[in-house]
$ cat final_24.txt   # compact mmCIF, C-alpha atoms
# COMPACT_ATOMS: atom_id res chain seq x y z
CA MET A 914 -58.92 -145.43 -56.44
CA LYS A 915 -59.55 -141.99 -54.97
CA ASN A 916 -57.10 -140.43 -57.44
CA VAL A 917 -58.83 -142.15 -60.35
CA ILE A 918 -62.21 -140.79 -59.22
CA LEU A 919 -60.80 -137.28 -58.88
CA PHE A 920 -59.23 -137.56 -62.33
CA LEU A 921 -62.54 -138.62 -63.87
CA CYS A 922 -64.39 -135.85 -62.07
CA TYR A 923 -61.87 -133.36 -63.38
CA TRP A 924 -62.48 -134.34 -66.97
CA ILE A 925 -66.25 -134.46 -66.60
CA PHE A 926 -66.14 -130.97 -65.12
CA PHE A 927 -63.78 -129.66 -67.81
CA LEU A 928 -65.67 -131.16 -70.73
CA GLY A 929 -68.92 -129.87 -69.28
CA ALA A 930 -67.54 -126.35 -69.13
CA VAL A 931 -66.35 -126.51 -72.73
CA THR A 932 -69.65 -127.99 -73.88
CA ASN A 933 -71.66 -125.26 -72.18
CA LEU A 934 -69.66 -122.60 -73.98
CA GLN A 935 -69.39 -124.02 -77.47
CA ALA A 936 -71.68 -126.96 -78.18
CA GLN A 937 -74.93 -126.63 -80.08
CA PRO A 938 -78.17 -127.77 -78.38
CA SER A 939 -79.10 -131.43 -78.47
CA GLN A 940 -82.03 -132.73 -80.49
CA LYS A 941 -85.45 -132.56 -78.78
CA LEU A 942 -88.49 -134.83 -78.98
CA VAL A 943 -90.67 -131.88 -79.96
CA ASN A 944 -89.25 -129.20 -82.26
CA VAL A 945 -90.70 -125.71 -82.42
CA ILE A 946 -89.62 -124.04 -85.66
CA VAL A 947 -90.00 -120.28 -85.95
CA SER A 948 -89.10 -118.99 -89.42
CA PRO A 949 -89.01 -115.31 -90.48
CA ASN A 950 -90.22 -114.47 -93.98
CA HIS A 951 -86.87 -112.79 -94.82
CA THR A 952 -84.11 -115.32 -95.28
CA ASP A 953 -81.47 -112.89 -93.99
CA TRP A 954 -83.60 -112.10 -90.90
CA LYS A 955 -83.21 -108.38 -91.61
CA TYR A 956 -85.91 -105.70 -91.99
CA GLN A 957 -86.32 -101.96 -92.36
CA THR A 958 -87.97 -100.02 -89.54
CA LYS A 959 -91.79 -100.08 -89.71
CA GLU A 960 -91.68 -103.08 -92.07
CA GLU A 961 -93.87 -105.98 -90.93
CA ALA A 962 -92.08 -109.21 -90.09
CA SER A 963 -94.01 -112.45 -90.52
CA PHE A 964 -93.05 -115.54 -88.52
CA SER A 965 -94.14 -119.01 -89.59
CA VAL A 966 -94.57 -121.24 -86.53
CA LYS A 967 -94.57 -125.02 -86.86
CA VAL A 968 -94.52 -127.63 -84.10
CA TYR A 969 -93.16 -131.06 -85.01
CA LYS A 970 -93.07 -134.43 -83.29
CA ASN A 971 -91.66 -137.48 -85.04
CA GLU A 972 -90.97 -135.18 -88.03
CA ASN A 973 -94.70 -134.51 -88.46
CA LEU A 974 -96.79 -131.49 -87.55
CA LEU A 975 -98.29 -131.99 -84.10
CA GLN A 976 -102.09 -131.70 -84.10
CA ASN A 977 -103.99 -129.68 -81.45
CA VAL A 978 -100.84 -128.48 -79.72
CA THR A 979 -101.07 -125.68 -77.15
CA ILE A 980 -98.58 -122.84 -77.31
CA ASP A 981 -97.67 -119.64 -75.51
CA TYR A 982 -95.90 -116.90 -77.44
CA GLU A 983 -94.23 -113.51 -77.03
CA LEU A 984 -93.47 -110.85 -79.62
CA GLY A 985 -91.42 -107.70 -79.17
CA PRO A 986 -87.92 -106.35 -78.46
CA GLU A 987 -85.59 -108.66 -76.50
CA TYR A 988 -86.69 -108.82 -72.85
CA PHE A 989 -89.44 -106.27 -73.56
CA PRO A 990 -92.21 -108.19 -75.37
CA THR A 991 -95.18 -106.08 -76.36
CA ILE A 992 -97.47 -109.01 -77.19
CA LYS A 993 -98.01 -112.03 -74.92
CA LYS A 994 -100.50 -114.81 -75.54
CA GLN A 995 -101.09 -118.02 -73.59
CA ASP A 996 -102.80 -121.33 -74.28
CA VAL A 997 -103.31 -120.85 -78.00
CA VAL A 998 -104.36 -124.12 -79.65
CA LEU A 999 -102.93 -124.91 -83.08
CA LYS A 1000 -105.24 -127.45 -84.66
CA ASP A 1001 -102.84 -128.37 -87.43
CA GLY A 1002 -99.63 -127.54 -85.57
CA THR A 1003 -98.91 -124.32 -87.44
CA THR A 1004 -99.66 -120.61 -87.37
CA THR A 1005 -98.30 -117.25 -88.53
CA LEU A 1006 -97.42 -114.37 -86.21
CA LYS A 1007 -96.68 -110.78 -87.28
CA SER A 1008 -95.17 -107.67 -85.76
CA SER A 1009 -92.82 -104.75 -86.51
CA MET A 1010 -90.47 -102.18 -84.94
CA ASN A 1011 -90.33 -98.43 -85.41
CA ILE A 1012 -86.72 -97.95 -84.29
CA PRO A 1013 -83.44 -99.83 -84.92
CA GLY A 1014 -83.18 -102.96 -82.79
CA PHE A 1015 -84.11 -106.62 -82.62
CA LEU A 1016 -87.59 -108.13 -82.61
CA ARG A 1017 -87.95 -111.54 -80.98
CA CYS A 1018 -90.68 -114.09 -81.55
CA LYS A 1019 -90.54 -116.77 -78.83
CA VAL A 1020 -92.91 -119.72 -78.90
CA THR A 1021 -93.34 -122.35 -76.19
CA ALA A 1022 -95.18 -125.57 -77.02
CA LYS A 1023 -96.66 -127.45 -74.06
CA VAL A 1024 -96.67 -131.18 -74.66
CA ASP A 1025 -97.24 -133.93 -72.06
CA GLY A 1026 -96.37 -131.63 -69.19
CA LYS A 1027 -93.13 -130.40 -70.74
CA ASN A 1028 -92.22 -127.13 -72.44
CA TYR A 1029 -90.42 -126.94 -75.78
CA GLU A 1030 -89.17 -123.57 -76.97
CA GLY A 1031 -88.37 -122.12 -80.34
CA MET A 1032 -87.55 -118.58 -81.37
CA ALA A 1033 -86.40 -116.28 -84.11
CA THR A 1034 -84.95 -112.82 -83.55
CA VAL A 1035 -84.88 -110.46 -86.50
CA ALA A 1036 -82.93 -107.26 -87.03
CA TYR A 1037 -84.32 -103.82 -87.79
CA ASN A 1038 -81.62 -101.56 -89.23
CA GLU A 1039 -79.15 -103.11 -86.80
CA GLU A 1040 -76.29 -101.10 -88.30
CA LYS A 1041 -77.85 -97.96 -86.78
CA ILE A 1042 -77.95 -99.22 -83.18
CA GLN A 1043 -75.87 -96.96 -80.95
CA PRO A 1044 -74.72 -97.40 -77.33
CA THR A 1045 -76.72 -95.96 -74.47
CA THR A 1046 -73.68 -96.07 -72.16
CA ASN A 1047 -71.78 -92.80 -71.88
CA ASP A 1048 -68.06 -92.44 -72.64
CA PRO A 1049 -66.35 -90.90 -69.56
CA LYS A 1050 -64.14 -87.91 -70.36
CA ASP A 1051 -61.26 -89.34 -68.32
CA PHE A 1052 -61.66 -92.92 -69.61
CA ASP A 1053 -58.28 -92.97 -71.37
CA SER A 1054 -56.35 -91.36 -68.54
CA PHE A 1055 -57.98 -93.66 -65.98
CA TRP A 1056 -56.84 -96.79 -67.79
CA SER A 1057 -53.46 -95.39 -68.80
CA ASP A 1058 -52.73 -94.51 -65.19
CA ALA A 1059 -53.94 -97.93 -64.01
CA ILE A 1060 -51.68 -99.76 -66.50
CA ASN A 1061 -48.67 -97.64 -65.59
CA GLU A 1062 -49.28 -98.29 -61.91
CA ALA A 1063 -49.64 -102.04 -62.50
CA ARG A 1064 -46.36 -102.14 -64.41
CA LYS A 1065 -44.53 -100.90 -61.35
CA THR A 1066 -44.99 -104.49 -60.13
CA PRO A 1067 -42.44 -106.81 -61.82
CA LEU A 1068 -43.89 -109.77 -63.72
CA ASP A 1069 -41.78 -112.23 -61.70
CA ALA A 1070 -42.90 -114.96 -64.10
CA LYS A 1071 -42.76 -118.63 -63.11
CA MET A 1072 -43.09 -121.62 -65.47
CA VAL A 1073 -43.64 -125.31 -64.74
CA LEU A 1074 -43.56 -127.89 -67.53
CA LEU A 1075 -46.71 -130.00 -67.82
CA PRO A 1076 -45.52 -133.21 -69.52
CA GLU A 1077 -49.04 -134.66 -69.69
CA LYS A 1078 -50.19 -131.69 -71.80
CA CYS A 1079 -47.18 -131.58 -74.13
CA THR A 1080 -47.57 -132.74 -77.73
CA ALA A 1081 -45.09 -134.05 -80.25
CA THR A 1082 -44.52 -130.50 -81.50
CA GLN A 1083 -45.33 -128.26 -78.53
CA ASN A 1084 -44.32 -127.88 -74.91
CA ALA A 1085 -47.01 -127.00 -72.38
CA TYR A 1086 -46.41 -125.06 -69.18
CA GLN A 1087 -48.47 -123.76 -66.32
CA VAL A 1088 -47.24 -120.21 -65.87
CA ASN A 1089 -48.00 -117.42 -63.44
CA PHE A 1090 -46.92 -113.81 -63.24
CA GLN A 1091 -47.71 -110.81 -61.09
CA ASN A 1092 -50.55 -108.57 -62.15
CA ASP A 1093 -51.55 -105.19 -60.73
CA ARG A 1094 -49.81 -105.41 -57.36
CA PRO A 1095 -47.32 -107.68 -55.58
CA ASP A 1096 -48.55 -111.27 -55.10
CA SER A 1097 -51.69 -110.68 -57.18
CA ARG A 1098 -51.02 -113.20 -59.94
CA ILE A 1099 -52.43 -114.37 -63.24
CA TYR A 1100 -52.24 -118.12 -63.96
CA ALA A 1101 -52.29 -119.61 -67.44
CA ILE A 1102 -51.43 -122.49 -69.73
CA LEU A 1103 -48.68 -121.67 -72.22
CA MET A 1104 -48.13 -123.68 -75.41
CA VAL A 1105 -44.80 -123.09 -77.19
CA PRO A 1106 -43.52 -124.80 -80.37
CA LYS A 1107 -40.62 -127.15 -79.66
CA LYS A 1108 -38.85 -126.27 -82.89
CA THR A 1109 -36.34 -123.46 -82.45
CA GLY A 1110 -37.59 -120.22 -83.95
CA LYS A 1111 -39.53 -117.00 -83.47
CA TYR A 1112 -43.30 -117.27 -83.47
CA PRO A 1113 -46.46 -115.15 -83.40
CA ALA A 1114 -48.74 -115.49 -80.39
CA ILE A 1115 -52.42 -115.68 -79.51
CA LEU A 1116 -53.84 -114.71 -76.13
CA GLN A 1117 -56.89 -116.85 -75.29
CA VAL A 1118 -59.16 -115.07 -72.80
CA PRO A 1119 -61.83 -116.96 -70.86
CA GLY A 1120 -65.60 -117.03 -70.79
CA ALA A 1121 -67.34 -116.41 -67.49
CA GLY A 1122 -67.03 -118.87 -64.63
CA ILE A 1123 -64.47 -120.54 -62.42
CA ARG A 1124 -62.84 -123.67 -63.86
CA PRO A 1125 -59.56 -125.30 -64.91
CA TYR A 1126 -57.99 -124.80 -68.34
CA ASN A 1127 -56.33 -127.19 -70.73
CA GLY A 1128 -54.40 -124.85 -73.01
CA ALA A 1129 -55.31 -123.54 -76.46
CA ASN A 1130 -53.50 -125.33 -79.29
CA TYR A 1131 -53.66 -123.38 -82.55
CA GLY A 1132 -51.00 -125.41 -84.32
CA ASP A 1133 -47.28 -125.92 -84.59
CA ASP A 1134 -46.40 -122.42 -85.76
CA VAL A 1135 -47.88 -120.21 -83.05
CA ILE A 1136 -47.53 -119.60 -79.32
CA SER A 1137 -50.74 -119.60 -77.30
CA LEU A 1138 -51.39 -118.36 -73.79
CA GLU A 1139 -54.74 -119.29 -72.20
CA ILE A 1140 -55.25 -117.30 -69.03
CA GLY A 1141 -57.53 -117.61 -66.03
CA ILE A 1142 -58.69 -114.36 -64.44
CA HIS A 1143 -59.20 -115.26 -60.78
CA GLY A 1144 -55.66 -115.32 -59.45
CA ILE A 1145 -55.64 -119.07 -58.74
CA PRO A 1146 -53.85 -121.95 -60.48
CA VAL A 1147 -55.74 -123.34 -63.48
CA THR A 1148 -54.88 -127.03 -62.89
CA LEU A 1149 -56.47 -127.66 -59.50
CA SER A 1150 -59.02 -130.35 -58.66
CA PRO A 1151 -62.63 -129.66 -59.72
CA GLU A 1152 -64.04 -129.19 -56.23
CA VAL A 1153 -61.82 -126.13 -55.68
CA TYR A 1154 -63.49 -124.31 -58.58
CA SER A 1155 -67.00 -125.46 -57.75
CA ASN A 1156 -66.56 -124.37 -54.13
CA LEU A 1157 -65.32 -120.95 -55.20
CA ALA A 1158 -68.17 -120.59 -57.69
CA VAL A 1159 -70.74 -120.86 -54.91
CA GLY A 1160 -68.52 -119.29 -52.26
CA GLY A 1161 -65.99 -116.49 -52.37
CA LEU A 1162 -66.24 -115.89 -56.14
CA ARG A 1163 -69.99 -116.19 -56.45
CA ASP A 1164 -71.25 -113.38 -58.72
CA TYR A 1165 -67.69 -112.05 -58.94
CA TRP A 1166 -68.76 -109.72 -61.76
CA SER A 1167 -70.79 -107.70 -59.23
CA ILE A 1168 -68.04 -107.22 -56.64
CA ASN A 1169 -67.54 -103.49 -55.94
CA ARG A 1170 -69.31 -102.51 -59.12
CA ASN A 1171 -69.90 -99.04 -57.66
CA ASN A 1172 -66.18 -98.27 -57.26
CA ARG A 1173 -63.98 -97.99 -60.33
CA ASP A 1174 -60.78 -98.49 -58.32
CA THR A 1175 -61.85 -101.72 -56.62
CA HIS A 1176 -64.36 -103.29 -59.03
CA TYR A 1177 -63.48 -106.94 -59.67
CA TYR A 1178 -63.02 -106.44 -63.39
CA LYS A 1179 -60.31 -103.82 -62.96
CA ARG A 1180 -57.68 -106.40 -62.04
CA VAL A 1181 -59.06 -108.68 -64.79
CA TYR A 1182 -58.64 -106.08 -67.51
CA LEU A 1183 -55.19 -105.18 -66.23
CA GLY A 1184 -54.34 -108.88 -66.15
CA CYS A 1185 -55.02 -109.12 -69.88
CA VAL A 1186 -52.49 -106.34 -70.52
CA ARG A 1187 -49.95 -107.98 -68.20
CA ALA A 1188 -50.49 -111.21 -70.16
CA ILE A 1189 -49.34 -109.35 -73.27
CA ASP A 1190 -46.36 -108.10 -71.26
CA PHE A 1191 -45.58 -111.73 -70.44
CA ILE A 1192 -45.85 -112.80 -74.08
CA TYR A 1193 -43.41 -110.07 -75.03
CA SER A 1194 -40.95 -111.45 -72.47
CA LEU A 1195 -40.81 -114.87 -74.15
CA PRO A 1196 -37.63 -115.55 -76.14
CA GLU A 1197 -39.67 -117.59 -78.67
CA PHE A 1198 -42.03 -114.66 -79.45
CA ASP A 1199 -41.40 -112.84 -82.72
CA GLY A 1200 -41.66 -109.49 -80.94
CA ASN A 1201 -44.51 -108.14 -83.04
CA THR A 1202 -47.46 -110.36 -83.96
CA VAL A 1203 -49.97 -111.01 -81.20
CA GLY A 1204 -53.74 -111.44 -81.35
CA VAL A 1205 -56.48 -112.10 -78.83
CA THR A 1206 -59.59 -114.27 -78.95
CA GLY A 1207 -62.42 -115.58 -76.79
CA GLY A 1208 -66.16 -116.01 -76.47
CA SER A 1209 -68.79 -114.40 -74.21
CA GLN A 1210 -66.82 -112.86 -71.34
CA GLY A 1211 -63.82 -113.84 -73.48
CA GLY A 1212 -65.31 -112.02 -76.46
CA ALA A 1213 -65.61 -108.97 -74.24
CA LEU A 1214 -62.04 -109.32 -72.98
CA SER A 1215 -60.82 -109.64 -76.58
CA ILE A 1216 -62.31 -106.26 -77.49
CA ILE A 1217 -61.19 -104.75 -74.19
CA THR A 1218 -57.59 -105.92 -74.61
CA ALA A 1219 -57.44 -104.62 -78.17
CA GLY A 1220 -58.88 -101.30 -76.99
CA LEU A 1221 -56.37 -101.00 -74.14
CA ASP A 1222 -53.18 -102.33 -75.71
CA SER A 1223 -51.87 -101.04 -79.04
CA ARG A 1224 -49.55 -104.06 -79.32
CA ILE A 1225 -52.54 -106.24 -80.26
CA LYS A 1226 -52.54 -106.74 -84.03
CA PHE A 1227 -55.88 -108.55 -84.49
CA LEU A 1228 -58.78 -110.05 -82.56
CA ALA A 1229 -61.52 -112.64 -83.01
CA ALA A 1230 -64.51 -112.23 -80.70
CA TYR A 1231 -67.50 -114.55 -80.33
CA TYR A 1232 -70.78 -113.24 -78.82
CA PRO A 1233 -69.15 -110.64 -76.53
CA ALA A 1234 -70.65 -110.04 -73.09
CA LEU A 1235 -70.41 -106.86 -70.98
CA CYS A 1236 -71.80 -104.64 -73.75
CA ASP A 1237 -73.95 -101.56 -73.12
CA PHE A 1238 -75.05 -102.16 -69.52
CA ALA A 1239 -77.24 -99.04 -69.59
CA GLY A 1240 -79.53 -100.55 -72.22
CA TYR A 1241 -82.02 -101.64 -69.57
CA LEU A 1242 -82.19 -98.10 -68.20
CA ASN A 1243 -83.32 -97.05 -71.68
CA LYS A 1244 -85.99 -99.73 -72.17
CA ARG A 1245 -83.89 -102.03 -74.31
CA ALA A 1246 -81.73 -105.11 -73.72
CA GLY A 1247 -78.29 -104.67 -72.18
CA GLY A 1248 -75.44 -107.14 -72.13
CA TRP A 1249 -74.55 -109.90 -69.68
CA PRO A 1250 -74.48 -109.84 -66.69
CA HIS A 1251 -77.68 -107.78 -67.07
CA TYR A 1252 -76.94 -105.52 -64.12
CA TYR A 1253 -80.12 -103.47 -64.45
CA LYS A 1254 -82.52 -106.04 -65.86
CA ASP A 1255 -84.35 -106.62 -62.59
CA ALA A 1256 -82.98 -103.87 -60.36
CA GLN A 1257 -82.33 -100.16 -60.43
CA PRO A 1258 -78.72 -99.02 -60.05
CA ALA A 1259 -77.28 -98.49 -56.60
CA ALA A 1260 -75.30 -95.39 -55.69
CA ASN A 1261 -72.30 -94.75 -57.99
CA GLU A 1262 -73.01 -97.74 -60.28
CA THR A 1263 -73.94 -95.71 -63.34
CA GLU A 1264 -70.82 -93.60 -62.79
CA THR A 1265 -68.53 -96.64 -62.34
CA LEU A 1266 -69.65 -99.20 -64.90
CA PRO A 1267 -68.99 -97.12 -68.05
CA TYR A 1268 -65.28 -97.56 -67.29
CA PHE A 1269 -65.79 -101.33 -67.70
CA ASP A 1270 -68.36 -101.41 -70.52
CA VAL A 1271 -67.17 -103.01 -73.76
CA VAL A 1272 -68.70 -100.25 -75.88
CA ASN A 1273 -66.13 -97.77 -74.60
CA PHE A 1274 -63.23 -100.08 -75.40
CA ALA A 1275 -64.80 -100.83 -78.79
CA ARG A 1276 -64.64 -97.11 -79.62
CA ARG A 1277 -60.85 -97.44 -79.35
CA VAL A 1278 -60.24 -100.65 -81.34
CA LYS A 1279 -58.26 -99.78 -84.46
CA VAL A 1280 -56.91 -103.20 -85.48
CA PRO A 1281 -58.59 -105.76 -87.76
CA GLY A 1282 -61.26 -107.79 -86.03
CA TRP A 1283 -63.41 -110.82 -86.84
CA TYR A 1284 -66.68 -111.08 -84.95
CA SER A 1285 -69.37 -113.74 -84.88
CA TRP A 1286 -72.68 -114.36 -83.13
CA GLY A 1287 -76.30 -115.24 -83.68
CA PHE A 1288 -79.53 -113.29 -83.32
CA ASN A 1289 -81.10 -115.80 -80.92
CA ASP A 1290 -78.59 -115.21 -78.12
CA THR A 1291 -80.45 -114.61 -74.85
CA VAL A 1292 -77.30 -114.35 -72.71
CA CYS A 1293 -75.67 -111.64 -74.79
CA PRO A 1294 -78.59 -109.98 -76.63
CA PRO A 1295 -77.71 -108.93 -80.19
CA THR A 1296 -78.82 -105.36 -79.48
CA SER A 1297 -76.02 -105.04 -76.93
CA MET A 1298 -73.41 -106.65 -79.19
CA HIS A 1299 -74.30 -104.46 -82.17
CA ALA A 1300 -74.14 -101.38 -79.94
CA ALA A 1301 -70.46 -102.21 -79.42
CA TYR A 1302 -69.72 -103.44 -82.93
CA ASN A 1303 -71.16 -100.35 -84.61
CA VAL A 1304 -68.73 -97.97 -82.89
CA ILE A 1305 -65.53 -99.91 -83.70
CA PRO A 1306 -63.42 -97.69 -85.97
CA GLY A 1307 -61.00 -100.41 -87.09
CA ALA A 1308 -61.42 -102.83 -89.99
CA LYS A 1309 -64.08 -105.34 -88.99
CA GLU A 1310 -65.91 -108.35 -90.32
CA LEU A 1311 -69.11 -109.72 -88.77
CA VAL A 1312 -69.99 -113.32 -89.64
CA LEU A 1313 -73.52 -114.16 -88.53
CA PHE A 1314 -74.92 -117.60 -87.79
CA LEU A 1315 -78.44 -116.31 -87.45
CA GLU A 1316 -80.23 -119.05 -85.54
CA THR A 1317 -77.50 -119.63 -82.95
CA GLY A 1318 -77.93 -118.64 -79.34
CA HIS A 1319 -75.05 -118.57 -76.85
CA TRP A 1320 -73.21 -121.32 -78.66
CA THR A 1321 -71.29 -121.93 -81.87
CA TYR A 1322 -71.13 -124.45 -84.67
CA PRO A 1323 -67.81 -126.24 -85.24
CA GLU A 1324 -67.77 -124.70 -88.72
CA GLN A 1325 -68.10 -121.25 -87.15
CA ARG A 1326 -65.06 -121.83 -84.95
CA ALA A 1327 -63.11 -123.17 -87.92
CA ILE A 1328 -63.78 -119.99 -89.89
CA GLY A 1329 -62.65 -117.82 -86.99
CA THR A 1330 -59.50 -119.85 -86.46
CA GLY A 1331 -58.74 -119.72 -90.18
CA TRP A 1332 -59.15 -115.95 -90.19
CA MET A 1333 -56.69 -115.61 -87.30
CA LYS A 1334 -54.16 -117.82 -89.06
CA LYS A 1335 -54.26 -115.52 -92.07
CA GLN A 1336 -53.49 -112.58 -89.78
CA TYR A 1337 -50.45 -114.09 -88.09
CA SER A 1338 -49.14 -115.86 -91.20
CA ARG A 1339 -48.73 -112.72 -93.26
$ encode --input "final_24.txt" --output "structure tokens"
Amino acid sequence: MKNVILFLCYWIFFLGAVTNLQAQPSQKLVNVIVSPNHTDWKYQTKEEASFSVKVYKNENLLQNVTIDYELGPEYFPTIKKQDVVLKDGTTTLKSSMNIPGFLRCKVTAKVDGKNYEGMATVAYNEEKIQPTTNDPKDFDSFWSDAINEARKTPLDAKMVLLPEKCTATQNAYQVNFQNDRPDSRIYAILMVPKKTGKYPAILQVPGAGIRPYNGANYGDDVISLEIGIHGIPVTLSPEVYSNLAVGGLRDYWSINRNNRDTHYYKRVYLGCVRAIDFIYSLPEFDGNTVGVTGGSQGGALSIITAGLDSRIKFLAAYYPALCDFAGYLNKRAGGWPHYYKDAQPAANETETLPYFDVVNFARRVKVPGWYSWGFNDTVCPPTSMHAAYNVIPGAKELVLFLETGHWTYPEQRAIGTGWMKKQYSR
């Protein structure tokens, strides 16, 4: 009985993690609709944006509803109003921006003691947004030296078949290999076609958090490697991950963030390169075609890996985190994990973090990339993502799902997966 309970807990935990990353919000009793007057949600600087606000309950406008609202750049609203009564459930709000960026209109309806939120975030010359984070002069040599040093440690790869995860056409393995130093290991789920042949590969990099992984299955004609970043097996019982999330790995993204040699993300970024090393060691790999994909932290790691490793041939990144940390020091939104949103930098932080900021890896991405996000993302503000996107020199395609926040539609994922298939099927 105990094993059955643990098994059920495992799947509840796993499905919850996936849902949090990818699922769209559930339907609410009260819907707050905020609609810009431009259907593409894009404006020129100094142009006035008009937002139509409507509050619905039971598919009808809600009479005499009380709202609060904010207008202004993400996290820096310039207009705040409280307890505004809408007699017929509707109003129009207007504002503008004088510089490139994103203007957010957030409305909160207060109904029967509960709050219901709606928002729209519009772009002002978003193609002109530039990073505020500096590009260190020794950035390339720092990472080149770090990779060379890591490769002095043999991969020493180990593979264990996972029969319960195998399919009719693919074998599944839990694998682990050494990373940046002896006994520091990366764990992953590997899916390999059963049919004899040589195949392209996709590296699946994870969003933030501590959790198990189930493997990424992109079909019968491609290898996939889904890695964890924390140096622990990815098939343990749920309580191990939950305990680490509130214990030793709590706020792992902040560990040693003022020291470029010991910051937590250094071994993570190196682990992504070692994962490519591992893929190249597989006898089933075609020896040439490998891409990388992920969302949020995984979107960041996709750009980072492509910027670090010239063997990457393509990437697909959803709402990348870790972009333009210094934004908050320049009175505009920075990327998750919002290091400077509520605190000033400690000693050596502003010198260290540029070595880990996505914008500086984006400057070095030369391969084709597919990118997708929405303007209403409050976890990874669009200002920060565009700061990275705009400096990518390689061929790039941005597919916007305007109203989405930190989530995706199934159709959005299908488009991204289809784009990747075209890249590795050529």
$ atom_distance --input "final_24.txt" --atom1 "atom CA of A:Gln1083" --atom2 "atom CA of A:Ser1137"
10.3 Å
$ closest_residue --input "final_24.txt" --among "A:Asn944, A:Thr1066, A:Thr1080, A:Asn1092" --to "A:Ala1022" --atoms "all atoms listed in the file"
A:Asn944
$ closest_residue --input "final_24.txt" --among "A:Gly1110, A:Gly1204, A:Pro1250, A:Gly1318" --to "A:Gly1122" --atoms "all atoms listed in the file"
A:Pro1250
$ closest_residue --input "final_24.txt" --among "A:Asp1134, A:Asp1255, A:Asp1290, A:Asp1069" --to "A:Phe1191" --atoms "all atoms listed in the file"
A:Asp1069
$ closest_residue --input "final_24.txt" --among "A:Ala1234, A:Val998, A:Ile1123, A:Val968" --to "A:Ser1150" --atoms "all atoms listed in the file"
A:Ile1123
$ residues_near_point --input "final_24.txt" --point "(-50.4, -107.9, -75.8)" --cutoff "12 Å" --atoms "only C-alpha atoms" --output "PDB file with C-alpha atoms, in the coordinates of the input"
ATOM      1  CA  PRO A1113     -46.460-115.150 -83.400  1.00  0.00           C
ATOM      2  CA  ALA A1114     -48.740-115.490 -80.390  1.00  0.00           C
ATOM      3  CA  ILE A1115     -52.420-115.680 -79.510  1.00  0.00           C
ATOM      4  CA  LEU A1116     -53.840-114.710 -76.130  1.00  0.00           C
ATOM      5  CA  GLN A1117     -56.890-116.850 -75.290  1.00  0.00           C
ATOM      6  CA  VAL A1118     -59.160-115.070 -72.800  1.00  0.00           C
ATOM      7  CA  SER A1137     -50.740-119.600 -77.300  1.00  0.00           C
ATOM      8  CA  LEU A1138     -51.390-118.360 -73.790  1.00  0.00           C
ATOM      9  CA  TYR A1182     -58.640-106.080 -67.510  1.00  0.00           C
ATOM     10  CA  LEU A1183     -55.190-105.180 -66.230  1.00  0.00           C
ATOM     11  CA  GLY A1184     -54.340-108.880 -66.150  1.00  0.00           C
ATOM     12  CA  CYS A1185     -55.020-109.120 -69.880  1.00  0.00           C
ATOM     13  CA  VAL A1186     -52.490-106.340 -70.520  1.00  0.00           C
ATOM     14  CA  ARG A1187     -49.950-107.980 -68.200  1.00  0.00           C
ATOM     15  CA  ALA A1188     -50.490-111.210 -70.160  1.00  0.00           C
ATOM     16  CA  ILE A1189     -49.340-109.350 -73.270  1.00  0.00           C
ATOM     17  CA  ASP A1190     -46.360-108.100 -71.260  1.00  0.00           C
ATOM     18  CA  PHE A1191     -45.580-111.730 -70.440  1.00  0.00           C
ATOM     19  CA  ILE A1192     -45.850-112.800 -74.080  1.00  0.00           C
ATOM     20  CA  TYR A1193     -43.410-110.070 -75.030  1.00  0.00           C
ATOM     21  CA  SER A1194     -40.950-111.450 -72.470  1.00  0.00           C
ATOM     22  CA  LEU A1195     -40.810-114.870 -74.150  1.00  0.00           C
ATOM     23  CA  PHE A1198     -42.030-114.660 -79.450  1.00  0.00           C
ATOM     24  CA  GLY A1200     -41.660-109.490 -80.940  1.00  0.00           C
ATOM     25  CA  ASN A1201     -44.510-108.140 -83.040  1.00  0.00           C
ATOM     26  CA  THR A1202     -47.460-110.360 -83.960  1.00  0.00           C
ATOM     27  CA  VAL A1203     -49.970-111.010 -81.200  1.00  0.00           C
ATOM     28  CA  GLY A1204     -53.740-111.440 -81.350  1.00  0.00           C
ATOM     29  CA  VAL A1205     -56.480-112.100 -78.830  1.00  0.00           C
ATOM     30  CA  THR A1206     -59.590-114.270 -78.950  1.00  0.00           C
ATOM     31  CA  SER A1215     -60.820-109.640 -76.580  1.00  0.00           C
ATOM     32  CA  ILE A1217     -61.190-104.750 -74.190  1.00  0.00           C
ATOM     33  CA  THR A1218     -57.590-105.920 -74.610  1.00  0.00           C
ATOM     34  CA  ALA A1219     -57.440-104.620 -78.170  1.00  0.00           C
ATOM     35  CA  GLY A1220     -58.880-101.300 -76.990  1.00  0.00           C
ATOM     36  CA  LEU A1221     -56.370-101.000 -74.140  1.00  0.00           C
ATOM     37  CA  ASP A1222     -53.180-102.330 -75.710  1.00  0.00           C
ATOM     38  CA  SER A1223     -51.870-101.040 -79.040  1.00  0.00           C
ATOM     39  CA  ARG A1224     -49.550-104.060 -79.320  1.00  0.00           C
ATOM     40  CA  ILE A1225     -52.540-106.240 -80.260  1.00  0.00           C
ATOM     41  CA  LYS A1226     -52.540-106.740 -84.030  1.00  0.00           C
ATOM     42  CA  PHE A1227     -55.880-108.550 -84.490  1.00  0.00           C
ATOM     43  CA  LEU A1228     -58.780-110.050 -82.560  1.00  0.00           C
TER      44      LEU A1228
END
$ atom_distance --input "final_24.txt" --atom1 "atom CA of A:Asn1089" --atom2 "atom CA of A:Ala1229"
24.3 Å
$ residues_near_point --input "final_24.txt" --point "(-92.1, -112.0, -93.2)" --cutoff "7 Å" --atoms "all atoms listed in the file" --output "list in words"
Pro949, Asn950, His951, Glu961, Ala962, Ser963 and Phe964 of chain A
